[in-house]
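K.L.:
This is protein03.tsv (TSV, N, CA and C atoms).
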```tsv
chain	number	residue	atom	x	y	z
A	1	MET	N	3.40	-4.74	3.31
A	1	MET	CA	3.26	-4.94	1.89
A	1	MET	C	2.36	-6.15	1.66
A	2	LEU	N	1.74	-6.18	0.52
A	2	LEU	CA	0.81	-7.25	0.19
A	2	LEU	C	1.35	-8.05	-0.98
A	3	ALA	N	1.67	-9.30	-0.72
A	3	ALA	CA	2.11	-10.20	-1.78
A	3	ALA	C	0.97	-11.16	-2.08
A	4	ILE	N	0.63	-11.29	-3.35
A	4	ILE	CA	-0.38	-12.25	-3.78
A	4	ILE	C	0.28	-13.14	-4.82
A	5	ASN	N	0.18	-14.46	-4.55
A	5	ASN	CA	0.81	-15.45	-5.43
A	5	ASN	C	2.29	-15.15	-5.64
A	6	GLY	N	2.94	-14.74	-4.56
A	6	GLY	CA	4.38	-14.51	-4.61
A	6	GLY	C	4.80	-13.20	-5.24
A	7	LYS	N	3.86	-12.39	-5.65
A	7	LYS	CA	4.18	-11.12	-6.30
A	7	LYS	C	3.83	-9.97	-5.37
A	8	ASP	N	4.79	-9.11	-5.09
A	8	ASP	CA	4.58	-7.95	-4.21
A	8	ASP	C	4.96	-6.69	-4.97
A	9	LEU	N	3.97	-6.08	-5.60
A	9	LEU	CA	4.21	-4.90	-6.44
A	9	LEU	C	4.66	-3.69	-5.63
A	10	ALA	N	4.15	-3.55	-4.40
A	10	ALA	CA	4.57	-2.42	-3.56
A	10	ALA	C	6.04	-2.56	-3.19
A	11	GLU	N	6.44	-3.76	-2.80
A	11	GLU	CA	7.84	-3.96	-2.45
A	11	GLU	C	8.74	-3.72	-3.66
A	12	ASP	N	8.31	-4.19	-4.82
A	12	ASP	CA	9.09	-3.95	-6.05
A	12	ASP	C	9.26	-2.45	-6.29
A	13	PHE	N	8.17	-1.70	-6.10
A	13	PHE	CA	8.20	-0.25	-6.29
A	13	PHE	C	9.18	0.40	-5.31
A	14	LEU	N	9.12	0.00	-4.04
A	14	LEU	CA	10.00	0.59	-3.03
A	14	LEU	C	11.46	0.20	-3.25
A	15	LEU	N	11.71	-1.03	-3.69
A	15	LEU	CA	13.08	-1.44	-3.98
A	15	LEU	C	13.66	-0.65	-5.14
A	16	LYS	N	12.82	-0.37	-6.14
A	16	LYS	CA	13.28	0.45	-7.26
A	16	LYS	C	13.60	1.87	-6.77
A	17	LEU	N	12.75	2.41	-5.89
A	17	LEU	CA	13.05	3.73	-5.32
A	17	LEU	C	14.35	3.71	-4.53
A	18	GLN	N	14.57	2.65	-3.79
A	18	GLN	CA	15.80	2.53	-3.00
A	18	GLN	C	17.01	2.61	-3.91
A	19	LYS	N	16.90	1.98	-5.05
A	19	LYS	CA	18.01	1.97	-6.01
A	19	LYS	C	18.14	3.32	-6.73
A	20	ASP	N	17.00	3.92	-7.12
A	20	ASP	CA	17.01	5.11	-7.97
A	20	ASP	C	17.10	6.44	-7.21
A	21	ASP	N	16.41	6.53	-6.06
A	21	ASP	CA	16.35	7.81	-5.37
A	21	ASP	C	16.04	7.60	-3.90
A	22	ARG	N	17.07	7.52	-3.10
A	22	ARG	CA	16.93	7.25	-1.67
A	22	ARG	C	16.12	8.33	-0.95
A	23	ASN	N	16.21	9.59	-1.40
A	23	ASN	CA	15.43	10.67	-0.77
A	23	ASN	C	13.94	10.45	-0.94
A	24	LYS	N	13.53	10.04	-2.12
A	24	LYS	CA	12.10	9.76	-2.36
A	24	LYS	C	11.65	8.57	-1.52
A	25	LEU	N	12.49	7.55	-1.42
A	25	LEU	CA	12.16	6.39	-0.59
A	25	LEU	C	11.99	6.82	0.86
A	26	ASN	N	12.92	7.61	1.37
A	26	ASN	CA	12.83	8.07	2.75
A	26	ASN	C	11.57	8.89	2.99
A	27	SER	N	11.20	9.69	2.03
A	27	SER	CA	9.99	10.50	2.15
A	27	SER	C	8.74	9.63	2.23
A	28	ILE	N	8.65	8.63	1.39
A	28	ILE	CA	7.50	7.70	1.41
A	28	ILE	C	7.48	6.90	2.70
A	29	THR	N	8.62	6.37	3.14
A	29	THR	CA	8.63	5.57	4.36
A	29	THR	C	8.30	6.42	5.59
A	30	THR	N	8.69	7.68	5.58
A	30	THR	CA	8.31	8.58	6.67
A	30	THR	C	6.80	8.75	6.71
A	31	ARG	N	6.18	8.86	5.56
A	31	ARG	CA	4.71	8.98	5.50
A	31	ARG	C	4.05	7.69	6.00
A	32	ILE	N	4.58	6.55	5.63
A	32	ILE	CA	4.03	5.26	6.09
A	32	ILE	C	4.10	5.19	7.61
A	33	LYS	N	5.24	5.55	8.17
A	33	LYS	CA	5.39	5.50	9.64
A	33	LYS	C	4.44	6.46	10.33
A	34	ALA	N	4.23	7.64	9.76
A	34	ALA	CA	3.31	8.61	10.36
A	34	ALA	C	1.88	8.07	10.36
A	35	VAL	N	1.45	7.49	9.27
A	35	VAL	CA	0.09	6.94	9.17
A	35	VAL	C	-0.07	5.75	10.09
A	36	ALA	N	0.97	4.94	10.24
A	36	ALA	CA	0.90	3.73	11.07
A	36	ALA	C	0.66	4.05	12.54
A	37	ASN	N	0.91	5.27	12.96
A	37	ASN	CA	0.72	5.66	14.36
A	37	ASN	C	-0.73	5.97	14.72
A	38	TYR	N	-1.65	5.90	13.75
A	38	TYR	CA	-3.05	6.23	13.98
A	38	TYR	C	-3.95	5.10	13.49
A	39	PRO	N	-5.07	4.83	14.20
A	39	PRO	CA	-5.99	3.80	13.73
A	39	PRO	C	-6.61	4.15	12.38
A	40	ARG	N	-6.90	5.41	12.17
A	40	ARG	CA	-7.37	5.92	10.87
A	40	ARG	C	-6.73	7.29	10.68
A	41	TYR	N	-6.27	7.54	9.50
A	41	TYR	CA	-5.51	8.76	9.25
A	41	TYR	C	-5.87	9.26	7.85
A	42	GLU	N	-6.02	10.54	7.71
A	42	GLU	CA	-6.16	11.12	6.38
A	42	GLU	C	-5.66	12.54	6.41
A	43	ASN	N	-4.83	12.86	5.45
A	43	ASN	CA	-4.29	14.18	5.26
A	43	ASN	C	-4.19	14.36	3.75
A	44	LYS	N	-4.97	15.24	3.19
A	44	LYS	CA	-5.06	15.36	1.74
A	44	LYS	C	-3.72	15.65	1.07
A	45	ILE	N	-2.76	16.14	1.84
A	45	ILE	CA	-1.46	16.45	1.26
A	45	ILE	C	-0.57	15.21	1.19
A	46	THR	N	-0.65	14.33	2.19
A	46	THR	CA	0.28	13.21	2.25
A	46	THR	C	-0.35	11.82	2.15
A	47	PHE	N	-1.65	11.70	2.50
A	47	PHE	CA	-2.30	10.38	2.53
A	47	PHE	C	-3.79	10.60	2.37
A	48	ARG	N	-4.33	10.24	1.21
A	48	ARG	CA	-5.75	10.54	1.00
A	48	ARG	C	-6.47	9.38	0.35
A	49	ASP	N	-7.78	9.36	0.57
A	49	ASP	CA	-8.67	8.35	0.00
A	49	ASP	C	-8.90	8.69	-1.47
A	50	VAL	N	-8.64	7.73	-2.36
A	50	VAL	CA	-8.87	7.95	-3.79
A	50	VAL	C	-10.10	7.18	-4.27
A	51	GLY	N	-10.84	6.57	-3.32
A	51	GLY	CA	-12.08	5.89	-3.67
A	51	GLY	C	-12.04	4.40	-3.40
A	52	ASP	N	-13.19	3.86	-3.04
A	52	ASP	CA	-13.36	2.43	-2.79
A	52	ASP	C	-12.38	1.88	-1.75
A	53	GLY	N	-12.05	2.71	-0.75
A	53	GLY	CA	-11.18	2.25	0.32
A	53	GLY	C	-9.70	2.18	-0.04
A	54	ILE	N	-9.34	2.73	-1.17
A	54	ILE	CA	-7.92	2.78	-1.56
A	54	ILE	C	-7.38	4.16	-1.18
A	55	TYR	N	-6.23	4.16	-0.55
A	55	TYR	CA	-5.57	5.39	-0.14
A	55	TYR	C	-4.24	5.51	-0.88
A	56	GLU	N	-3.79	6.74	-1.02
A	56	GLU	CA	-2.48	6.92	-1.63
A	56	GLU	C	-1.58	7.70	-0.69
A	57	PHE	N	-0.37	7.15	-0.52
A	57	PHE	CA	0.70	7.90	0.13
A	57	PHE	C	1.24	8.80	-0.98
A	58	LYS	N	1.26	10.10	-0.71
A	58	LYS	CA	1.65	11.05	-1.74
A	58	LYS	C	3.00	11.66	-1.44
A	59	ARG	N	3.75	11.75	-2.48
A	59	ARG	CA	5.01	12.49	-2.50
A	59	ARG	C	5.07	13.12	-3.88
A	60	PRO	N	5.58	14.34	-4.03
A	60	PRO	CA	5.57	14.95	-5.36
A	60	PRO	C	6.08	13.98	-6.44
A	61	GLY	N	5.19	13.69	-7.37
A	61	GLY	CA	5.54	12.82	-8.49
A	61	GLY	C	5.39	11.34	-8.24
A	62	LEU	N	5.15	10.92	-6.99
A	62	LEU	CA	5.06	9.50	-6.65
A	62	LEU	C	3.78	9.20	-5.88
A	63	ARG	N	3.30	7.97	-6.04
A	63	ARG	CA	2.16	7.50	-5.27
A	63	ARG	C	2.42	6.04	-4.87
A	64	LEU	N	2.05	5.72	-3.63
A	64	LEU	CA	2.06	4.33	-3.14
A	64	LEU	C	0.65	4.07	-2.64
A	65	TYR	N	0.00	3.04	-3.16
A	65	TYR	CA	-1.40	2.77	-2.85
A	65	TYR	C	-1.52	1.71	-1.76
A	66	ALA	N	-2.59	1.85	-0.97
A	66	ALA	CA	-2.77	0.97	0.18
A	66	ALA	C	-4.25	0.91	0.56
A	67	PHE	N	-4.58	-0.03	1.46
A	67	PHE	CA	-5.92	-0.09	2.04
A	67	PHE	C	-5.81	-0.60	3.46
A	68	TYR	N	-6.87	-0.38	4.22
A	68	TYR	CA	-6.94	-0.86	5.59
A	68	TYR	C	-7.62	-2.22	5.62
A	69	ALA	N	-7.16	-3.09	6.53
A	69	ALA	CA	-7.81	-4.39	6.72
A	69	ALA	C	-7.61	-4.81	8.17
A	70	GLU	N	-8.57	-5.59	8.67
A	70	GLU	CA	-8.44	-6.20	9.99
A	70	GLU	C	-8.26	-7.69	9.75
A	71	ILE	N	-7.19	-8.25	10.28
A	71	ILE	CA	-6.87	-9.66	10.05
A	71	ILE	C	-6.74	-10.36	11.39
A	72	ASN	N	-7.50	-11.43	11.54
A	72	ASN	CA	-7.43	-12.24	12.76
A	72	ASN	C	-7.52	-11.40	14.02
A	73	GLY	N	-8.41	-10.43	14.01
A	73	GLY	CA	-8.61	-9.61	15.19
A	73	GLY	C	-7.51	-8.59	15.45
A	74	GLN	N	-6.51	-8.55	14.59
A	74	GLN	CA	-5.46	-7.54	14.73
A	74	GLN	C	-6.06	-6.17	14.49
A	75	ASP	N	-5.44	-5.16	15.05
A	75	ASP	CA	-5.88	-3.79	14.80
A	75	ASP	C	-5.85	-3.53	13.30
A	76	GLN	N	-6.37	-2.40	12.92
A	76	GLN	CA	-6.37	-2.04	11.51
A	76	GLN	C	-4.94	-2.10	10.97
A	77	LEU	N	-4.78	-2.79	9.89
A	77	LEU	CA	-3.47	-2.89	9.25
A	77	LEU	C	-3.53	-2.14	7.92
A	78	ILE	N	-2.44	-1.55	7.54
A	78	ILE	CA	-2.35	-0.89	6.25
A	78	ILE	C	-1.59	-1.84	5.34
A	79	LEU	N	-2.22	-2.24	4.26
A	79	LEU	CA	-1.58	-3.13	3.30
A	79	LEU	C	-1.29	-2.35	2.03
A	80	CYS	N	-0.02	-2.23	1.71
A	80	CYS	CA	0.38	-1.51	0.50
A	80	CYS	C	0.25	-2.46	-0.69
A	81	THR	N	-0.30	-1.96	-1.78
A	81	THR	CA	-0.57	-2.80	-2.94
A	81	THR	C	0.40	-2.60	-4.09
A	82	ASN	N	0.62	-1.36	-4.47
A	82	ASN	CA	1.45	-1.05	-5.63
A	82	ASN	C	1.79	0.43	-5.61
A	83	GLY	N	2.64	0.83	-6.49
A	83	GLY	CA	3.03	2.23	-6.56
A	83	GLY	C	3.27	2.66	-7.98
A	84	GLY	N	3.44	3.94	-8.16
A	84	GLY	CA	3.71	4.46	-9.49
A	84	GLY	C	4.03	5.93	-9.44
A	85	ILE	N	4.33	6.45	-10.62
A	85	ILE	CA	4.59	7.88	-10.70
A	85	ILE	C	3.30	8.59	-11.08
A	86	LYS	N	3.20	9.84	-10.69
A	86	LYS	CA	2.00	10.60	-11.02
A	86	LYS	C	2.09	11.02	-12.48
A	87	ASN	N	1.27	10.38	-13.30
A	87	ASN	CA	1.25	10.69	-14.72
A	87	ASN	C	-0.07	10.20	-15.30
A	88	LYS	N	-0.13	10.05	-16.59
A	88	LYS	CA	-1.38	9.62	-17.24
A	88	LYS	C	-1.78	8.21	-16.83
A	89	ASP	N	-0.86	7.41	-16.29
A	89	ASP	CA	-1.18	6.04	-15.88
A	89	ASP	C	-1.66	5.94	-14.44
A	90	GLN	N	-1.83	7.06	-13.78
A	90	GLN	CA	-2.22	7.04	-12.37
A	90	GLN	C	-3.55	6.33	-12.17
A	91	GLN	N	-4.52	6.57	-13.04
A	91	GLN	CA	-5.82	5.90	-12.89
A	91	GLN	C	-5.68	4.39	-13.07
A	92	LYS	N	-4.78	3.97	-13.95
A	92	LYS	CA	-4.52	2.53	-14.12
A	92	LYS	C	-3.93	1.95	-12.84
A	93	ASP	N	-3.02	2.69	-12.20
A	93	ASP	CA	-2.43	2.23	-10.93
A	93	ASP	C	-3.50	2.12	-9.84
A	94	ILE	N	-4.43	3.06	-9.81
A	94	ILE	CA	-5.52	3.02	-8.82
A	94	ILE	C	-6.42	1.82	-9.10
A	95	ARG	N	-6.75	1.57	-10.35
A	95	ARG	CA	-7.57	0.39	-10.69
A	95	ARG	C	-6.85	-0.89	-10.28
A	96	GLN	N	-5.54	-0.94	-10.47
A	96	GLN	CA	-4.76	-2.12	-10.07
A	96	GLN	C	-4.80	-2.30	-8.55
A	97	ALA	N	-4.70	-1.20	-7.81
A	97	ALA	CA	-4.78	-1.28	-6.34
A	97	ALA	C	-6.14	-1.81	-5.91
A	98	LYS	N	-7.20	-1.33	-6.54
A	98	LYS	CA	-8.55	-1.81	-6.21
A	98	LYS	C	-8.69	-3.30	-6.52
A	99	ALA	N	-8.13	-3.73	-7.65
A	99	ALA	CA	-8.20	-5.15	-8.01
A	99	ALA	C	-7.44	-6.01	-7.01
A	100	LEU	N	-6.27	-5.55	-6.57
A	100	LEU	CA	-5.49	-6.29	-5.58
A	100	LEU	C	-6.23	-6.36	-4.25
A	101	LYS	N	-6.87	-5.27	-3.87
A	101	LYS	CA	-7.67	-5.26	-2.64
A	101	LYS	C	-8.80	-6.28	-2.74
A	102	ASN	N	-9.52	-6.27	-3.85
A	102	ASN	CA	-10.62	-7.22	-4.04
A	102	ASN	C	-10.12	-8.66	-4.04
A	103	GLU	N	-8.98	-8.89	-4.68
A	103	GLU	CA	-8.39	-10.23	-4.70
A	103	GLU	C	-8.02	-10.69	-3.29
A	104	PHE	N	-7.48	-9.78	-2.51
A	104	PHE	CA	-7.11	-10.09	-1.13
A	104	PHE	C	-8.33	-10.51	-0.31
A	105	PHE	N	-9.41	-9.70	-0.37
A	105	PHE	CA	-10.59	-10.02	0.43
A	105	PHE	C	-11.30	-11.28	-0.08
A	106	ALA	N	-11.24	-11.54	-1.38
A	106	ALA	CA	-11.80	-12.79	-1.91
A	106	ALA	C	-11.00	-13.98	-1.39
A	107	ALA	N	-9.69	-13.85	-1.35
A	107	ALA	CA	-8.83	-14.95	-0.86
A	107	ALA	C	-9.08	-15.22	0.62
A	108	LEU	N	-9.40	-14.19	1.39
A	108	LEU	CA	-9.67	-14.38	2.81
A	108	LEU	C	-10.86	-15.30	3.05
A	109	LYS	N	-11.78	-15.34	2.11
A	109	LYS	CA	-12.99	-16.16	2.24
A	109	LYS	C	-12.74	-17.63	1.91
A	110	LEU	N	-11.63	-17.93	1.29
A	110	LEU	CA	-11.33	-19.31	0.91
A	110	LEU	C	-10.76	-20.09	2.09
A	111	PRO	N	-11.19	-21.34	2.26
A	111	PRO	CA	-10.75	-22.11	3.44
A	111	PRO	C	-9.25	-22.43	3.44
A	112	ASP	N	-8.61	-22.49	2.28
A	112	ASP	CA	-7.20	-22.88	2.23
A	112	ASP	C	-6.24	-21.69	2.17
A	113	THR	N	-6.76	-20.49	2.38
A	113	THR	CA	-5.90	-19.30	2.36
A	113	THR	C	-5.07	-19.24	3.63
A	114	THR	N	-3.79	-19.02	3.46
A	114	THR	CA	-2.87	-18.85	4.57
A	114	THR	C	-2.30	-17.44	4.51
A	115	LEU	N	-2.35	-16.74	5.63
A	115	LEU	CA	-1.80	-15.40	5.70
A	115	LEU	C	-0.56	-15.42	6.58
A	116	THR	N	0.44	-14.69	6.16
A	116	THR	CA	1.63	-14.51	6.95
A	116	THR	C	1.83	-13.01	7.11
A	117	LEU	N	1.81	-12.57	8.35
A	117	LEU	CA	2.05	-11.16	8.61
A	117	LEU	C	3.54	-10.96	8.80
A	118	ASP	N	4.08	-10.06	8.01
A	118	ASP	CA	5.52	-9.81	8.04
A	118	ASP	C	5.74	-8.31	8.05
A	119	TRP	N	6.34	-7.82	9.11
A	119	TRP	CA	6.63	-6.40	9.24
A	119	TRP	C	8.06	-6.18	8.79
A	120	PRO	N	8.28	-5.24	7.87
A	120	PRO	CA	9.65	-4.94	7.46
A	120	PRO	C	10.44	-4.33	8.59
A	121	ASP	N	11.74	-4.54	8.54
A	121	ASP	CA	12.61	-3.93	9.55
A	121	ASP	C	12.56	-2.41	9.40
A	122	PRO	N	12.56	-1.68	10.54
A	122	PRO	CA	12.52	-0.21	10.44
A	122	PRO	C	13.80	0.35	9.88
```
Hey, can you dump this file as structure tokens for me?
P.N.:
Amino acid sequence: MLAINGKDLAEDFLLKLQKDDRNKLNSITTRIKAVANYPRYENKITFRDVGDGIYEFKRPGLRLYAFYAEINGQDQLILCTNGGIKNKDQQKDIRQAKALKNEFFAALKLPDTTLTLDWPDP
């Protein structure tokens, strides 16, 4: 997950799913684990590029947005940005994911940026 200035929209989205619908959460986390097993992955049904390097984990009615990044020589990492339901606001969610991605890469260029890699427990 990607937290910027202490705010992690993807984690907030997943925590809400955990509370509201455990089956949907399990479905999304299964997709994340499947994608994590490959250096690059795309499947138009479950994980697809929506433009400008933003990908969406798809589940009927739900989307979790992410992008790939290489940090400190680490292999390609998938950073989840935010999530939402598939509706008229989906394009707004995609724009937000792109903005978070741009903010992340801009912060990487700053000398005082500190990154902490934290993998959630399986």
K.L.:
From a DSSP calculation on the backbone, collect every residue of chain A in strand (DSSP E or B) and output the set as a VMD selection string.
P.N.:
chain A and resid 4 7 43 47 to 51 54 to 59 62 to 69 77 to 85
K.L.:
Run DSSP on the backbone of this structure and report the residues of stretch 5-117 of chain A it assigns to alpha helix (DSSP H), as number ranges by chain.
P.N.:
A: 9-20, 22-36, 90-108
K.L.:
Find the spatial neighbours of A:Leu115, counting only C-alpha atoms, within a cut-off of 10 Å - ignore same-chain residues fewer than 5 positions away - and output them as an mmCIF file with N, CA and C atoms, keeping the file's coordinate frame.
P.N.:
```cif
data_model
loop_
_atom_site.group_PDB
_atom_site.id
_atom_site.type_symbol
_atom_site.label_atom_id
_atom_site.label_comp_id
_atom_site.auth_asym_id
_atom_site.auth_seq_id
_atom_site.Cartn_x
_atom_site.Cartn_y
_atom_site.Cartn_z
ATOM 1 N N ALA A 3 1.670 -9.300 -0.720
ATOM 2 C CA ALA A 3 2.110 -10.200 -1.780
ATOM 3 C C ALA A 3 0.970 -11.160 -2.080
ATOM 4 N N ILE A 71 -7.190 -8.250 10.280
ATOM 5 C CA ILE A 71 -6.870 -9.660 10.050
ATOM 6 C C ILE A 71 -6.740 -10.360 11.390
ATOM 7 N N ASN A 72 -7.500 -11.430 11.540
ATOM 8 C CA ASN A 72 -7.430 -12.240 12.760
ATOM 9 C C ASN A 72 -7.520 -11.400 14.020
ATOM 10 N N ALA A 107 -9.690 -13.850 -1.350
ATOM 11 C CA ALA A 107 -8.830 -14.950 -0.860
ATOM 12 C C ALA A 107 -9.080 -15.220 0.620
ATOM 13 N N LEU A 108 -9.400 -14.190 1.390
ATOM 14 C CA LEU A 108 -9.670 -14.380 2.810
ATOM 15 C C LEU A 108 -10.860 -15.300 3.050
#
```
K.L.:
Restrict the calculation to only N, CA and C atoms, then for each residue of stretch 41-120 of chain A with any atom at most 7 Å from an atom of stretch 22-37 of chain A give the closest atom pair and their distance in Å to one decimal, rows by chain and rising residue number, as a tab-separated table.
P.N.:
```
residue	atom	partner	partner_atom	distance
A:Tyr41	CA	A:Val35	CA	5.9
A:Thr46	C	A:Arg31	CA	6.7
A:Phe57	CA	A:Arg31	C	6.8
A:Lys58	C	A:Ile28	CA	6.6
A:Arg59	CA	A:Ile28	N	6.6
```
K.L.:
Give the answer as one residue: which of A:Thr113, A:Gln18, A:Gln96, A:Asn82 has the shortest atom-to-atom distance to A:Arg63, using only C-alpha atoms?
P.N.:
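Closest candidate: A:Asn82.
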K.L.:
I'd like the interatomic distance between atom CA of A:Glu11 and atom CA of A:Ala99, to a tenth of an Å.
P.N.:
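Those two atoms sit 17.0 Å apart.
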K.L.:
Can you sort out the box for stretch 51-65 of chain A, edges along x, y and z, all listed atoms in, 8 Å on every side, with centre and edge lengths in Å to one decimal, as lines of an AutoDock Vina configuration file?
P.N.:
```
center_x = -3.6
center_y = 8.3
center_z = -4.1
size_x = 35.4
size_y = 29.2
size_z = 24.8
```
K.L.:
At what distance in Å, to one decimal, does atom N of A:Gln90 lie from atom CA of A:Gly53?
P.N.:
17.6 Å
K.L.:
May I ask for the distance between atom CA of A:Phe47 and atom C of A:Thr114, given in Å to one decimal place?
P.N.:
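Distance reported for this atom pair: 27.9 Å.
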K.L.:
Calculated over only C-alpha atoms, which of the candidates A:Gly51, A:Glu56, A:Ile45, A:Leu64 has the smallest distance to A:Leu14?
P.N.:
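Answer, going by the shortest atom-to-atom distance: A:Leu64.
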K.L.:
Could you tell me which of A:Tyr38, A:Tyr65, A:Phe13, A:Phe105 comes closest to A:Asp93 if we count only C-alpha atoms?
P.N.:
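With only C-alpha atoms as the atom set, the closest residue is A:Tyr65.
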K.L.:
Name the closest residue to A:Gly83 among the candidates A:Leu17, A:Ile4, A:Val50, A:Leu110; distances are taken between atoms, counting only C-alpha atoms.
P.N.:
A:Leu17
K.L.:
Tell me which residues come within 5 Å of (-4.1, -4.9, 3.7), as a PyMOL selection string, counting all atoms listed in the file in the file's coordinates.
P.N.:
chain A and resi 67-69+78-79
